[in-house]
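K.L.:
Questions regarding the structure given below will be posed in turn.
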Amino acid sequence: MAYKFKNWAGNVTGTAENYFQPSGETEIIQIVKNAVAKDKKIKLVGAAHSWSALALPSHYLINLDYYSKILKIDKEKKQVTVQAGIRLKNLNVILRDNGLSLANLGSVSEQSIAGATATGTHGTGIKFGNISTQIIGMKLILADGSVLTISENENAELLPAVRINLGVLGIVSELTIQCVDVFNLRDESYALPFEETLEKIPELIQTTDHLKLWWFPHAPLVGVYRYFRTQEELKPRSSFQKFMDDSFLVNVFFAFMLRLGDWFPKSVPPINKLINKIHFKKVSRIEKTWEVFNVPMPPIHFETEYAIPVEHASEALKKMKEMIERKKLHINFVVEVRFVKADDTWLSPAYKQNACYIGAYQYGNRYWKEYMTGFEELMFSYSGRPHWPKEFTPDAEKISKSFPEFEKFRELKNKLDPKGVFNNALTQRLFG
Ligand SMILES: Cc1cc2nc3c(=O)[nH]c(=O)nc-3n(C[C@H](O)[C@H](O)[C@H](O)COP(=O)(O)OP(=O)(O)OC[C@H]3O[C@@H](n4cnc5c(N)ncnc54)[C@H](O)[C@@H]3O)c2cc1C
């Protein structure tokens, strides 16, 4: 039956000829064989959270929400094997109940584990890799219906290739994740002036387990979010504070301010200054990981994000401020700055370099294209690599130069899926 596809941000829409929600491996294999026999293309979708068109279907669309069981928890080795459709928010709770945790999380936990890892979803913390680095085993259903098992003992050389796979190698049906002992997070956040923050970045990165910076352009302060891993008892916010932070401030106050700024762009600088005053307060609390790593679902907006070598972080932010001022852009959303440990995953923006990820976001499309162009130019001047699930515009040639193992990945993709069964327009543009 035809299915209307729309991603979370609503910037990617299309129609699939058929939509499937299988609950067993044999069923998934049957769908693949059926698609290939009819010359149909297949796409997988998790929560459809990606801004880039990675999950846009051409013919068949498969969602694994009903293929989302925990298959094995090895408490001694701190490893968990799951069916690929499980959402991070469900996995978080089950792991905690078993004394375990994912090592790091991004801003939300709505994503499926397969979707989050296929795109290299990351949190922050220079001693911690993106979520895909935690994968130590994978089962892939290939275009010919066969199953490829990859683990530390079997086809181990493929792990760096498949951890970030953009959904083009096959259907990820199972994942084994290396977890860590359960921990809580102590949140000791405050605000600093922009210039002072830039000076302190190198020190803050080293002295904070998970450092995140939020800067609203046109406003003087930077929110310095400092999270520390701890075994101390929980000291959570009051329910009133939680309601104010997670519901009122985001869904009512911020949502209204965004609309106001979009209608009257000249009001954006004073609004951002007001947000500084209201939102950037000194915090001290100890909470479960997802209560601190995650933020409430934000109002729908545009996003692009690039990773640059960490040593350029301060200079790049200074140049970003200059670019926004020079182009007279009224930026109503936060610039988000996060830090990720180097890894060896072929398509990782943090491949062999400790990375500073800078996210440029905006509500409404009035300044978006110009902002993105200026931002991407700036990021490429620092050898920036695009973060796959966010919007990016360069052609395949330019992107391939940013990722040293891009050609090796392309070769593997062509070997595992020679007919491009798992391609769509975007991945065809990238890999042919
Ligand atoms: C509000 C919000 C906050 C976010 N915060 C962060 C953040 O903090 N850090 C960050 O890095 N990103 C962040 N993202 C981006 C998000 O993590 C990625 O877009 C992620 O890929 C979404 O997971 P998903 O399950 O929605 O995958 P989808 O967007 O549905 O799919 C992503 C890709 O994975 C493929 N895929 C999905 N399942 C499978 C499977 N079983 N086998 C093979 N391929 C598969 C799809 O085909 C597609 O190519 C955020 C997104 C939103 C909307």
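In the structure tokens, chains take the letters A, B, ... in the order shown, each chain's residues start at 1, and ligands count up from 1 in the order shown.
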Using only C-alpha atoms and all ligand atoms, determine which residues fall within 8 Å of ligand 1, then list them as a PDB file with N, CA and C atoms, in the first residue's frame.
P.N.:
ATOM      1  N   ASN A   7       9.935  13.345   6.799  1.00  0.00           N
ATOM      2  CA  ASN A   7      10.877  13.265   7.926  1.00  0.00           C
ATOM      3  C   ASN A   7      10.430  14.199   9.048  1.00  0.00           C
ATOM      4  N   TRP A   8      11.125  14.129  10.189  1.00  0.00           N
ATOM      5  CA  TRP A   8      10.709  14.895  11.375  1.00  0.00           C
ATOM      6  C   TRP A   8      10.600  16.387  11.070  1.00  0.00           C
ATOM      7  N   ALA A   9      11.604  16.920  10.345  1.00  0.00           N
ATOM      8  CA  ALA A   9      11.625  18.363  10.092  1.00  0.00           C
ATOM      9  C   ALA A   9      10.672  18.764   8.968  1.00  0.00           C
ATOM     10  N   LYS A  43      14.345   1.090   1.067  1.00  0.00           N
ATOM     11  CA  LYS A  43      14.913   2.009   2.070  1.00  0.00           C
ATOM     12  C   LYS A  43      14.410   1.588   3.429  1.00  0.00           C
ATOM     13  N   LEU A  44      15.264   1.797   4.420  1.00  0.00           N
ATOM     14  CA  LEU A  44      14.882   1.571   5.816  1.00  0.00           C
ATOM     15  C   LEU A  44      14.632   2.915   6.457  1.00  0.00           C
ATOM     16  N   VAL A  45      13.708   2.951   7.401  1.00  0.00           N
ATOM     17  CA  VAL A  45      13.510   4.180   8.167  1.00  0.00           C
ATOM     18  C   VAL A  45      13.323   3.838   9.636  1.00  0.00           C
ATOM     19  N   GLY A  46      13.941   4.641  10.501  1.00  0.00           N
ATOM     20  CA  GLY A  46      13.757   4.479  11.940  1.00  0.00           C
ATOM     21  C   GLY A  46      12.729   5.490  12.395  1.00  0.00           C
ATOM     22  N   ALA A  47      13.202   6.549  13.059  1.00  0.00           N
ATOM     23  CA  ALA A  47      12.289   7.604  13.519  1.00  0.00           C
ATOM     24  C   ALA A  47      12.159   8.722  12.478  1.00  0.00           C
ATOM     25  N   ALA A  48      12.818   8.567  11.326  1.00  0.00           N
ATOM     26  CA  ALA A  48      12.811   9.602  10.260  1.00  0.00           C
ATOM     27  C   ALA A  48      13.329  10.940  10.800  1.00  0.00           C
ATOM     28  N   HIS A  49      14.332  10.870  11.638  1.00  0.00           N
ATOM     29  CA  HIS A  49      14.849  12.085  12.273  1.00  0.00           C
ATOM     30  C   HIS A  49      15.897  12.810  11.439  1.00  0.00           C
ATOM     31  N   SER A  50      16.347  12.212  10.342  1.00  0.00           N
ATOM     32  CA  SER A  50      17.439  12.843   9.587  1.00  0.00           C
ATOM     33  C   SER A  50      16.920  14.002   8.738  1.00  0.00           C
ATOM     34  N   TRP A  51      17.696  15.092   8.740  1.00  0.00           N
ATOM     35  CA  TRP A  51      17.353  16.241   7.886  1.00  0.00           C
ATOM     36  C   TRP A  51      17.761  15.960   6.437  1.00  0.00           C
ATOM     37  N   SER A  52      18.870  15.248   6.246  1.00  0.00           N
ATOM     38  CA  SER A  52      19.265  14.907   4.878  1.00  0.00           C
ATOM     39  C   SER A  52      18.329  13.804   4.393  1.00  0.00           C
ATOM     40  N   ALA A  53      18.298  13.620   3.057  1.00  0.00           N
ATOM     41  CA  ALA A  53      17.288  12.723   2.473  1.00  0.00           C
ATOM     42  C   ALA A  53      17.723  11.259   2.488  1.00  0.00           C
ATOM     43  N   LEU A  54      18.472  10.849   3.516  1.00  0.00           N
ATOM     44  CA  LEU A  54      19.005   9.487   3.554  1.00  0.00           C
ATOM     45  C   LEU A  54      17.921   8.418   3.627  1.00  0.00           C
ATOM     46  N   ALA A  55      16.803   8.751   4.275  1.00  0.00           N
ATOM     47  CA  ALA A  55      15.763   7.723   4.457  1.00  0.00           C
ATOM     48  C   ALA A  55      14.621   7.860   3.451  1.00  0.00           C
ATOM     49  N   LEU A  56      14.789   8.749   2.477  1.00  0.00           N
ATOM     50  CA  LEU A  56      13.701   8.957   1.501  1.00  0.00           C
ATOM     51  C   LEU A  56      13.540   7.721   0.612  1.00  0.00           C
ATOM     52  N   ASN A  63      10.244  -0.344   8.053  1.00  0.00           N
ATOM     53  CA  ASN A  63      10.471   0.185   9.402  1.00  0.00           C
ATOM     54  C   ASN A  63      10.530  -1.000  10.366  1.00  0.00           C
ATOM     55  N   LEU A  64      11.495  -0.954  11.297  1.00  0.00           N
ATOM     56  CA  LEU A  64      11.702  -2.109  12.179  1.00  0.00           C
ATOM     57  C   LEU A  64      11.201  -1.868  13.616  1.00  0.00           C
ATOM     58  N   ALA A  84      17.436  -4.469  15.418  1.00  0.00           N
ATOM     59  CA  ALA A  84      17.886  -3.133  15.000  1.00  0.00           C
ATOM     60  C   ALA A  84      16.864  -2.015  15.159  1.00  0.00           C
ATOM     61  N   GLY A  85      15.590  -2.373  15.366  1.00  0.00           N
ATOM     62  CA  GLY A  85      14.563  -1.320  15.416  1.00  0.00           C
ATOM     63  C   GLY A  85      14.390  -0.679  16.785  1.00  0.00           C
ATOM     64  N   ARG A  87      14.311   1.564  19.902  1.00  0.00           N
ATOM     65  CA  ARG A  87      14.563   3.004  20.071  1.00  0.00           C
ATOM     66  C   ARG A  87      15.530   3.198  21.230  1.00  0.00           C
ATOM     67  N   LEU A 105      25.290   9.783  24.687  1.00  0.00           N
ATOM     68  CA  LEU A 105      24.024   9.968  23.960  1.00  0.00           C
ATOM     69  C   LEU A 105      24.025  11.333  23.294  1.00  0.00           C
ATOM     70  N   GLY A 106      23.223  11.484  22.246  1.00  0.00           N
ATOM     71  CA  GLY A 106      23.029  12.799  21.641  1.00  0.00           C
ATOM     72  C   GLY A 106      21.925  13.560  22.364  1.00  0.00           C
ATOM     73  N   SER A 107      21.332  14.520  21.665  1.00  0.00           N
ATOM     74  CA  SER A 107      20.367  15.419  22.315  1.00  0.00           C
ATOM     75  C   SER A 107      18.990  14.801  22.522  1.00  0.00           C
ATOM     76  N   VAL A 108      18.703  13.733  21.789  1.00  0.00           N
ATOM     77  CA  VAL A 108      17.413  13.062  21.973  1.00  0.00           C
ATOM     78  C   VAL A 108      17.632  11.551  21.942  1.00  0.00           C
ATOM     79  N   GLU A 110      14.959   9.451  20.760  1.00  0.00           N
ATOM     80  CA  GLU A 110      13.821   8.934  19.985  1.00  0.00           C
ATOM     81  C   GLU A 110      14.275   7.988  18.880  1.00  0.00           C
ATOM     82  N   GLN A 111      15.547   8.109  18.474  1.00  0.00           N
ATOM     83  CA  GLN A 111      16.009   7.378  17.289  1.00  0.00           C
ATOM     84  C   GLN A 111      16.038   5.865  17.497  1.00  0.00           C
ATOM     85  N   SER A 112      15.972   5.132  16.367  1.00  0.00           N
ATOM     86  CA  SER A 112      16.243   3.690  16.416  1.00  0.00           C
ATOM     87  C   SER A 112      17.756   3.522  16.504  1.00  0.00           C
ATOM     88  N   ILE A 113      18.180   2.413  17.104  1.00  0.00           N
ATOM     89  CA  ILE A 113      19.636   2.205  17.230  1.00  0.00           C
ATOM     90  C   ILE A 113      20.280   2.070  15.838  1.00  0.00           C
ATOM     91  N   ALA A 114      19.581   1.421  14.900  1.00  0.00           N
ATOM     92  CA  ALA A 114      20.176   1.249  13.560  1.00  0.00           C
ATOM     93  C   ALA A 114      20.271   2.581  12.829  1.00  0.00           C
ATOM     94  N   GLY A 115      19.228   3.415  12.959  1.00  0.00           N
ATOM     95  CA  GLY A 115      19.238   4.722  12.287  1.00  0.00           C
ATOM     96  C   GLY A 115      20.273   5.642  12.898  1.00  0.00           C
ATOM     97  N   ALA A 116      20.344   5.645  14.233  1.00  0.00           N
ATOM     98  CA  ALA A 116      21.305   6.530  14.909  1.00  0.00           C
ATOM     99  C   ALA A 116      22.732   6.160  14.507  1.00  0.00           C
ATOM    100  N   THR A 117      23.027   4.862  14.515  1.00  0.00           N
ATOM    101  CA  THR A 117      24.414   4.464  14.242  1.00  0.00           C
ATOM    102  C   THR A 117      24.742   4.520  12.743  1.00  0.00           C
ATOM    103  N   ALA A 118      23.752   4.273  11.880  1.00  0.00           N
ATOM    104  CA  ALA A 118      24.006   4.318  10.424  1.00  0.00           C
ATOM    105  C   ALA A 118      24.543   5.679  10.012  1.00  0.00           C
ATOM    106  N   THR A 119      24.174   6.727  10.765  1.00  0.00           N
ATOM    107  CA  THR A 119      24.561   8.092  10.381  1.00  0.00           C
ATOM    108  C   THR A 119      25.654   8.678  11.288  1.00  0.00           C
ATOM    109  N   GLY A 120      26.136   7.899  12.247  1.00  0.00           N
ATOM    110  CA  GLY A 120      27.192   8.416  13.131  1.00  0.00           C
ATOM    111  C   GLY A 120      26.689   9.416  14.145  1.00  0.00           C
ATOM    112  N   THR A 121      25.496   9.199  14.654  1.00  0.00           N
ATOM    113  CA  THR A 121      24.945  10.108  15.677  1.00  0.00           C
ATOM    114  C   THR A 121      25.916  10.209  16.855  1.00  0.00           C
ATOM    115  N   HIS A 122      26.098  11.427  17.326  1.00  0.00           N
ATOM    116  CA  HIS A 122      27.088  11.656  18.384  1.00  0.00           C
ATOM    117  C   HIS A 122      26.509  12.497  19.513  1.00  0.00           C
ATOM    118  N   GLY A 123      27.161  12.387  20.663  1.00  0.00           N
ATOM    119  CA  GLY A 123      26.883  13.308  21.758  1.00  0.00           C
ATOM    120  C   GLY A 123      28.067  14.243  21.865  1.00  0.00           C
ATOM    121  N   ASN A 130      31.584   8.713  18.779  1.00  0.00           N
ATOM    122  CA  ASN A 130      30.150   8.747  18.452  1.00  0.00           C
ATOM    123  C   ASN A 130      29.520   7.393  18.800  1.00  0.00           C
ATOM    124  N   LEU A 140      23.914  -8.154   8.932  1.00  0.00           N
ATOM    125  CA  LEU A 140      23.432  -7.370   7.795  1.00  0.00           C
ATOM    126  C   LEU A 140      22.713  -8.299   6.827  1.00  0.00           C
ATOM    127  N   ASN A 165      27.034   3.334   8.032  1.00  0.00           N
ATOM    128  CA  ASN A 165      26.788   2.710   6.726  1.00  0.00           C
ATOM    129  C   ASN A 165      25.787   3.463   5.865  1.00  0.00           C
ATOM    130  N   LEU A 166      25.197   4.518   6.382  1.00  0.00           N
ATOM    131  CA  LEU A 166      24.211   5.340   5.658  1.00  0.00           C
ATOM    132  C   LEU A 166      23.100   4.501   5.021  1.00  0.00           C
ATOM    133  N   GLY A 167      22.914   3.306   5.518  1.00  0.00           N
ATOM    134  CA  GLY A 167      21.821   2.453   5.039  1.00  0.00           C
ATOM    135  C   GLY A 167      22.033   1.876   3.646  1.00  0.00           C
ATOM    136  N   VAL A 168      23.267   1.942   3.124  1.00  0.00           N
ATOM    137  CA  VAL A 168      23.456   1.520   1.729  1.00  0.00           C
ATOM    138  C   VAL A 168      24.110   0.146   1.571  1.00  0.00           C
ATOM    139  N   LEU A 169      24.477  -0.496   2.686  1.00  0.00           N
ATOM    140  CA  LEU A 169      25.156  -1.790   2.535  1.00  0.00           C
ATOM    141  C   LEU A 169      24.176  -2.957   2.590  1.00  0.00           C
ATOM    142  N   GLY A 170      23.059  -2.734   3.242  1.00  0.00           N
ATOM    143  CA  GLY A 170      22.062  -3.782   3.418  1.00  0.00           C
ATOM    144  C   GLY A 170      21.192  -3.390   4.597  1.00  0.00           C
ATOM    145  N   ILE A 171      20.380  -4.353   5.063  1.00  0.00           N
ATOM    146  CA  ILE A 171      19.520  -4.055   6.215  1.00  0.00           C
ATOM    147  C   ILE A 171      20.231  -4.502   7.487  1.00  0.00           C
ATOM    148  N   VAL A 172      20.491  -3.566   8.370  1.00  0.00           N
ATOM    149  CA  VAL A 172      21.075  -3.933   9.661  1.00  0.00           C
ATOM    150  C   VAL A 172      19.949  -4.588  10.446  1.00  0.00           C
ATOM    151  N   SER A 173      20.139  -5.872  10.804  1.00  0.00           N
ATOM    152  CA  SER A 173      19.028  -6.531  11.504  1.00  0.00           C
ATOM    153  C   SER A 173      19.328  -6.725  12.985  1.00  0.00           C
ATOM    154  N   ASN A 294      20.000  14.426  27.061  1.00  0.00           N
ATOM    155  CA  ASN A 294      18.891  14.756  26.149  1.00  0.00           C
ATOM    156  C   ASN A 294      18.277  16.104  26.491  1.00  0.00           C
ATOM    157  N   MET A 297      12.271  17.804  22.963  1.00  0.00           N
ATOM    158  CA  MET A 297      12.136  17.925  21.501  1.00  0.00           C
ATOM    159  C   MET A 297      11.942  19.398  21.153  1.00  0.00           C
ATOM    160  N   PRO A 298      12.789  19.928  20.299  1.00  0.00           N
ATOM    161  CA  PRO A 298      12.701  21.359  19.978  1.00  0.00           C
ATOM    162  C   PRO A 298      11.623  21.649  18.933  1.00  0.00           C
ATOM    163  N   ILE A 300      10.284  22.573  15.284  1.00  0.00           N
ATOM    164  CA  ILE A 300      10.856  22.125  14.000  1.00  0.00           C
ATOM    165  C   ILE A 300      11.693  23.246  13.371  1.00  0.00           C
ATOM    166  N   HIS A 387      28.234  16.230   8.737  1.00  0.00           N
ATOM    167  CA  HIS A 387      27.607  15.194   9.569  1.00  0.00           C
ATOM    168  C   HIS A 387      26.403  14.688   8.769  1.00  0.00           C
ATOM    169  N   TRP A 388      26.424  13.401   8.448  1.00  0.00           N
ATOM    170  CA  TRP A 388      25.522  12.832   7.442  1.00  0.00           C
ATOM    171  C   TRP A 388      24.027  13.080   7.641  1.00  0.00           C
ATOM    172  N   PRO A 389      23.498  12.997   8.875  1.00  0.00           N
ATOM    173  CA  PRO A 389      22.032  13.135   8.957  1.00  0.00           C
ATOM    174  C   PRO A 389      21.538  14.575   8.886  1.00  0.00           C
ATOM    175  N   LYS A 390      22.458  15.535   8.817  1.00  0.00           N
ATOM    176  CA  LYS A 390      22.036  16.931   8.721  1.00  0.00           C
ATOM    177  C   LYS A 390      22.128  17.369   7.254  1.00  0.00           C
TER     178      LYS A 390
END
K.L.:
Near A:Leu158, within 12 Å and counting only C-alpha atoms, which residues show up once chain neighbours fewer than 5 positions away are dropped, as a list of chain:residue names?
P.N.:
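The contact residues come out as A:Ile135, A:Ile136, A:Gly137, A:Met138, A:Lys139, A:Leu140, A:Leu148, A:Thr149, A:Ile150, A:Ser151, A:Glu152, A:Asn153, A:Arg163, A:Ile164, A:Asn165, A:Leu169, A:Asp344, A:Thr345, A:Trp346, A:Lys408, A:Phe409, A:Leu412, A:Lys413, A:Leu416.
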K.L.:
Write the residues you've just listed into a file as a PDB file, in the first residue's frame, and include N, CA and C atoms for each of them.
P.N.:
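The result, stored in again38.pdb:
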ATOM      1  N   ILE A 135      29.618  -0.086  18.511  1.00  0.00           N
ATOM      2  CA  ILE A 135      29.187  -1.327  17.849  1.00  0.00           C
ATOM      3  C   ILE A 135      30.348  -2.318  17.789  1.00  0.00           C
ATOM      4  N   ILE A 136      30.098  -3.533  18.306  1.00  0.00           N
ATOM      5  CA  ILE A 136      31.140  -4.568  18.186  1.00  0.00           C
ATOM      6  C   ILE A 136      30.646  -5.775  17.389  1.00  0.00           C
ATOM      7  N   GLY A 137      29.393  -5.729  16.966  1.00  0.00           N
ATOM      8  CA  GLY A 137      28.874  -6.817  16.148  1.00  0.00           C
ATOM      9  C   GLY A 137      27.649  -6.357  15.383  1.00  0.00           C
ATOM     10  N   MET A 138      27.458  -6.947  14.208  1.00  0.00           N
ATOM     11  CA  MET A 138      26.320  -6.541  13.372  1.00  0.00           C
ATOM     12  C   MET A 138      25.887  -7.713  12.491  1.00  0.00           C
ATOM     13  N   LYS A 139      24.577  -7.823  12.270  1.00  0.00           N
ATOM     14  CA  LYS A 139      24.058  -8.765  11.265  1.00  0.00           C
ATOM     15  C   LYS A 139      23.448  -7.918  10.160  1.00  0.00           C
ATOM     16  N   LEU A 140      23.914  -8.154   8.932  1.00  0.00           N
ATOM     17  CA  LEU A 140      23.432  -7.370   7.795  1.00  0.00           C
ATOM     18  C   LEU A 140      22.713  -8.299   6.827  1.00  0.00           C
ATOM     19  N   LEU A 148      25.063 -11.464   6.415  1.00  0.00           N
ATOM     20  CA  LEU A 148      26.481 -11.294   6.688  1.00  0.00           C
ATOM     21  C   LEU A 148      26.649 -10.974   8.168  1.00  0.00           C
ATOM     22  N   THR A 149      27.423 -11.830   8.851  1.00  0.00           N
ATOM     23  CA  THR A 149      27.659 -11.593  10.280  1.00  0.00           C
ATOM     24  C   THR A 149      29.039 -10.974  10.455  1.00  0.00           C
ATOM     25  N   ILE A 150      29.064  -9.894  11.204  1.00  0.00           N
ATOM     26  CA  ILE A 150      30.331  -9.199  11.437  1.00  0.00           C
ATOM     27  C   ILE A 150      30.501  -9.069  12.952  1.00  0.00           C
ATOM     28  N   SER A 151      31.640  -9.534  13.437  1.00  0.00           N
ATOM     29  CA  SER A 151      31.880  -9.420  14.880  1.00  0.00           C
ATOM     30  C   SER A 151      33.384  -9.344  15.095  1.00  0.00           C
ATOM     31  N   GLU A 152      33.794  -9.301  16.355  1.00  0.00           N
ATOM     32  CA  GLU A 152      35.231  -9.247  16.595  1.00  0.00           C
ATOM     33  C   GLU A 152      35.919 -10.553  16.183  1.00  0.00           C
ATOM     34  N   ASN A 153      35.117 -11.639  16.023  1.00  0.00           N
ATOM     35  CA  ASN A 153      35.712 -12.930  15.621  1.00  0.00           C
ATOM     36  C   ASN A 153      35.426 -13.295  14.167  1.00  0.00           C
ATOM     37  N   ARG A 163      30.156   0.372  10.578  1.00  0.00           N
ATOM     38  CA  ARG A 163      29.600   1.075  11.756  1.00  0.00           C
ATOM     39  C   ARG A 163      28.771   2.289  11.329  1.00  0.00           C
ATOM     40  N   ILE A 164      29.309   3.078  10.381  1.00  0.00           N
ATOM     41  CA  ILE A 164      28.491   4.156   9.789  1.00  0.00           C
ATOM     42  C   ILE A 164      28.270   3.734   8.343  1.00  0.00           C
ATOM     43  N   ASN A 165      27.034   3.334   8.032  1.00  0.00           N
ATOM     44  CA  ASN A 165      26.788   2.710   6.726  1.00  0.00           C
ATOM     45  C   ASN A 165      25.787   3.463   5.865  1.00  0.00           C
ATOM     46  N   LEU A 169      24.477  -0.496   2.686  1.00  0.00           N
ATOM     47  CA  LEU A 169      25.156  -1.790   2.535  1.00  0.00           C
ATOM     48  C   LEU A 169      24.176  -2.957   2.590  1.00  0.00           C
ATOM     49  N   ASP A 344      38.121   5.079  14.026  1.00  0.00           N
ATOM     50  CA  ASP A 344      38.673   4.529  12.777  1.00  0.00           C
ATOM     51  C   ASP A 344      37.565   4.111  11.807  1.00  0.00           C
ATOM     52  N   THR A 345      36.360   4.637  12.011  1.00  0.00           N
ATOM     53  CA  THR A 345      35.226   4.288  11.130  1.00  0.00           C
ATOM     54  C   THR A 345      35.361   5.060   9.813  1.00  0.00           C
ATOM     55  N   TRP A 346      35.285   4.336   8.699  1.00  0.00           N
ATOM     56  CA  TRP A 346      35.614   4.929   7.394  1.00  0.00           C
ATOM     57  C   TRP A 346      34.838   6.214   7.103  1.00  0.00           C
ATOM     58  N   LYS A 408      37.155   3.417  -0.554  1.00  0.00           N
ATOM     59  CA  LYS A 408      37.100   2.037  -0.041  1.00  0.00           C
ATOM     60  C   LYS A 408      35.667   1.680   0.326  1.00  0.00           C
ATOM     61  N   PHE A 409      34.947   2.656   0.912  1.00  0.00           N
ATOM     62  CA  PHE A 409      33.551   2.406   1.270  1.00  0.00           C
ATOM     63  C   PHE A 409      32.719   2.190   0.001  1.00  0.00           C
ATOM     64  N   LEU A 412      33.232  -1.254  -1.318  1.00  0.00           N
ATOM     65  CA  LEU A 412      32.538  -2.267  -0.512  1.00  0.00           C
ATOM     66  C   LEU A 412      31.038  -2.244  -0.822  1.00  0.00           C
ATOM     67  N   LYS A 413      30.502  -1.048  -0.921  1.00  0.00           N
ATOM     68  CA  LYS A 413      29.065  -0.909  -1.223  1.00  0.00           C
ATOM     69  C   LYS A 413      28.749  -1.582  -2.569  1.00  0.00           C
ATOM     70  N   LEU A 416      28.835  -5.370  -2.093  1.00  0.00           N
ATOM     71  CA  LEU A 416      27.725  -5.964  -1.335  1.00  0.00           C
ATOM     72  C   LEU A 416      26.376  -5.728  -2.002  1.00  0.00           C
TER      73      LEU A 416
END
K.L.:
To one decimal place, how far is atom CA of A:Leu61 from atom CA of A:Ser109 in Å?
P.N.:
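Answer for the atom CA of A:Leu61 to atom CA of A:Ser109 separation: 22.2 Å.
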K.L.:
If you count only C-alpha atoms, which residues fall within 10 Å of stretch 400-407 of chain A, apart from same-chain ones fewer than 5 positions away, as a ChimeraX atom specification?
P.N.:
/A:161,344-352,380,383-386,394-395,412-413,430-431
K.L.:
Set the distance at 10 Å and use only C-alpha atoms: which residues neighbour A:Arg96 once local chain neighbours fewer than 4 positions away are removed? I'd like the list as a short mmCIF file (atom, residue, chain, number, x, y, z; two decimals) with C-alpha atoms, in the first residue's frame.
P.N.:
data_model
loop_
_atom_site.label_atom_id
_atom_site.label_comp_id
_atom_site.auth_asym_id
_atom_site.auth_seq_id
_atom_site.Cartn_x
_atom_site.Cartn_y
_atom_site.Cartn_z
CA LEU A 91 17.24 0.69 25.35
CA ASN A 92 18.42 3.32 27.88
CA LEU A 100 24.59 -0.84 32.24
CA SER A 101 24.52 2.24 30.04
CA LEU A 102 25.40 3.48 26.59
CA ASP A 181 28.69 0.38 33.90
CA VAL A 182 25.66 2.48 34.70
CA PHE A 183 26.53 6.04 35.76
CA LYS A 288 20.15 9.80 34.96
CA THR A 289 22.17 10.03 31.75
#
K.L.:
Quick one: everything within 7 Å of A:Pro236, counting only C-alpha atoms, minus sequence neighbours fewer than 4 positions away in the same chain. Send it as a VMD selection string.
P.N.:
chain A and resid 285 to 287
K.L.:
If you run DSSP over the backbone, which residues in stretch 33-197 of chain A end up helix (DSSP H, G or I)? Put them as a PyMOL selection string.
P.N.:
chain A and resi 33-37+53-55+88-97+113-118+131-134+156-162+194-197
K.L.:
Hey, which bits of stretch 108-129 of chain A sit within 10 Å of stretch 211-225 of chain A, and for each residue what's the closest pair of atoms and how far apart in Å (one decimal), counting only C-alpha atoms, rows by chain and increasing number, as JSON lines?
P.N.:
{"residue": "A:Gly123", "atom": "CA", "partner": "A:Lys212", "partner_atom": "CA", "distance": 8.9}
{"residue": "A:Thr124", "atom": "CA", "partner": "A:Leu211", "partner_atom": "CA", "distance": 6.2}
{"residue": "A:Gly125", "atom": "CA", "partner": "A:Leu211", "partner_atom": "CA", "distance": 5.7}
{"residue": "A:Ile126", "atom": "CA", "partner": "A:Leu211", "partner_atom": "CA", "distance": 8.1}
K.L.:
Extract, using only C-alpha atoms, all DNA, RNA and protein residues at most 12 Å from A:Asp245, discarding same-chain residues fewer than 4 positions from it, and format them as an MDAnalysis selection string.
P.N.:
chainID A and resid 237:241 249:254 278:281 283 291:292 294:298
K.L.:
Could those selected residues go to a file with C-alpha atoms, as a short mmCIF file (atom, residue, chain, number, x, y, z; two decimals), in the first residue's frame?
P.N.:
data_model
loop_
_atom_site.label_atom_id
_atom_site.label_comp_id
_atom_site.auth_asym_id
_atom_site.auth_seq_id
_atom_site.Cartn_x
_atom_site.Cartn_y
_atom_site.Cartn_z
CA ARG A 237 15.44 18.92 39.52
CA SER A 238 12.09 19.46 41.18
CA SER A 239 9.12 18.44 39.04
CA PHE A 240 8.20 22.11 38.74
CA GLN A 241 11.69 22.96 37.39
CA LEU A 249 10.41 27.21 28.18
CA VAL A 250 10.75 25.15 24.99
CA ASN A 251 7.21 24.53 23.79
CA VAL A 252 5.67 27.84 24.83
CA PHE A 253 8.26 30.57 25.42
CA PHE A 254 10.97 29.57 22.91
CA ILE A 278 16.16 33.46 31.06
CA HIS A 279 17.76 30.23 29.90
CA PHE A 280 21.45 30.44 30.81
CA LYS A 281 21.37 29.99 34.55
CA VAL A 283 22.78 24.67 37.32
CA GLU A 291 17.83 13.39 31.69
CA VAL A 292 21.02 15.39 31.18
CA ASN A 294 18.89 14.76 26.15
CA VAL A 295 17.02 18.01 25.67
CA PRO A 296 13.26 18.36 25.11
CA MET A 297 12.14 17.93 21.50
CA PRO A 298 12.70 21.36 19.98
#
K.L.:
Do you have the atom CA of A:Lys89-atom CA of A:Ile73 distance handy?
P.N.:
16.9 Å
K.L.:
Within 7 Å of stretch 328-331 of chain A, counting only C-alpha atoms, which residues show up once you throw out same-chain ones fewer than 5 positions away? Write them as a PyMOL selection string, please.
P.N.:
chain A and resi 217+265+268+362+367
K.L.:
Return as an NGL selection string the full set of residues in stretch 76-189 of chain A whose backbone-based DSSP assignment is strand (DSSP E).
P.N.:
:A and (79-83 or 100-101 or 135-141 or 147-151 or 171-178 or 180-181 or 184-187)
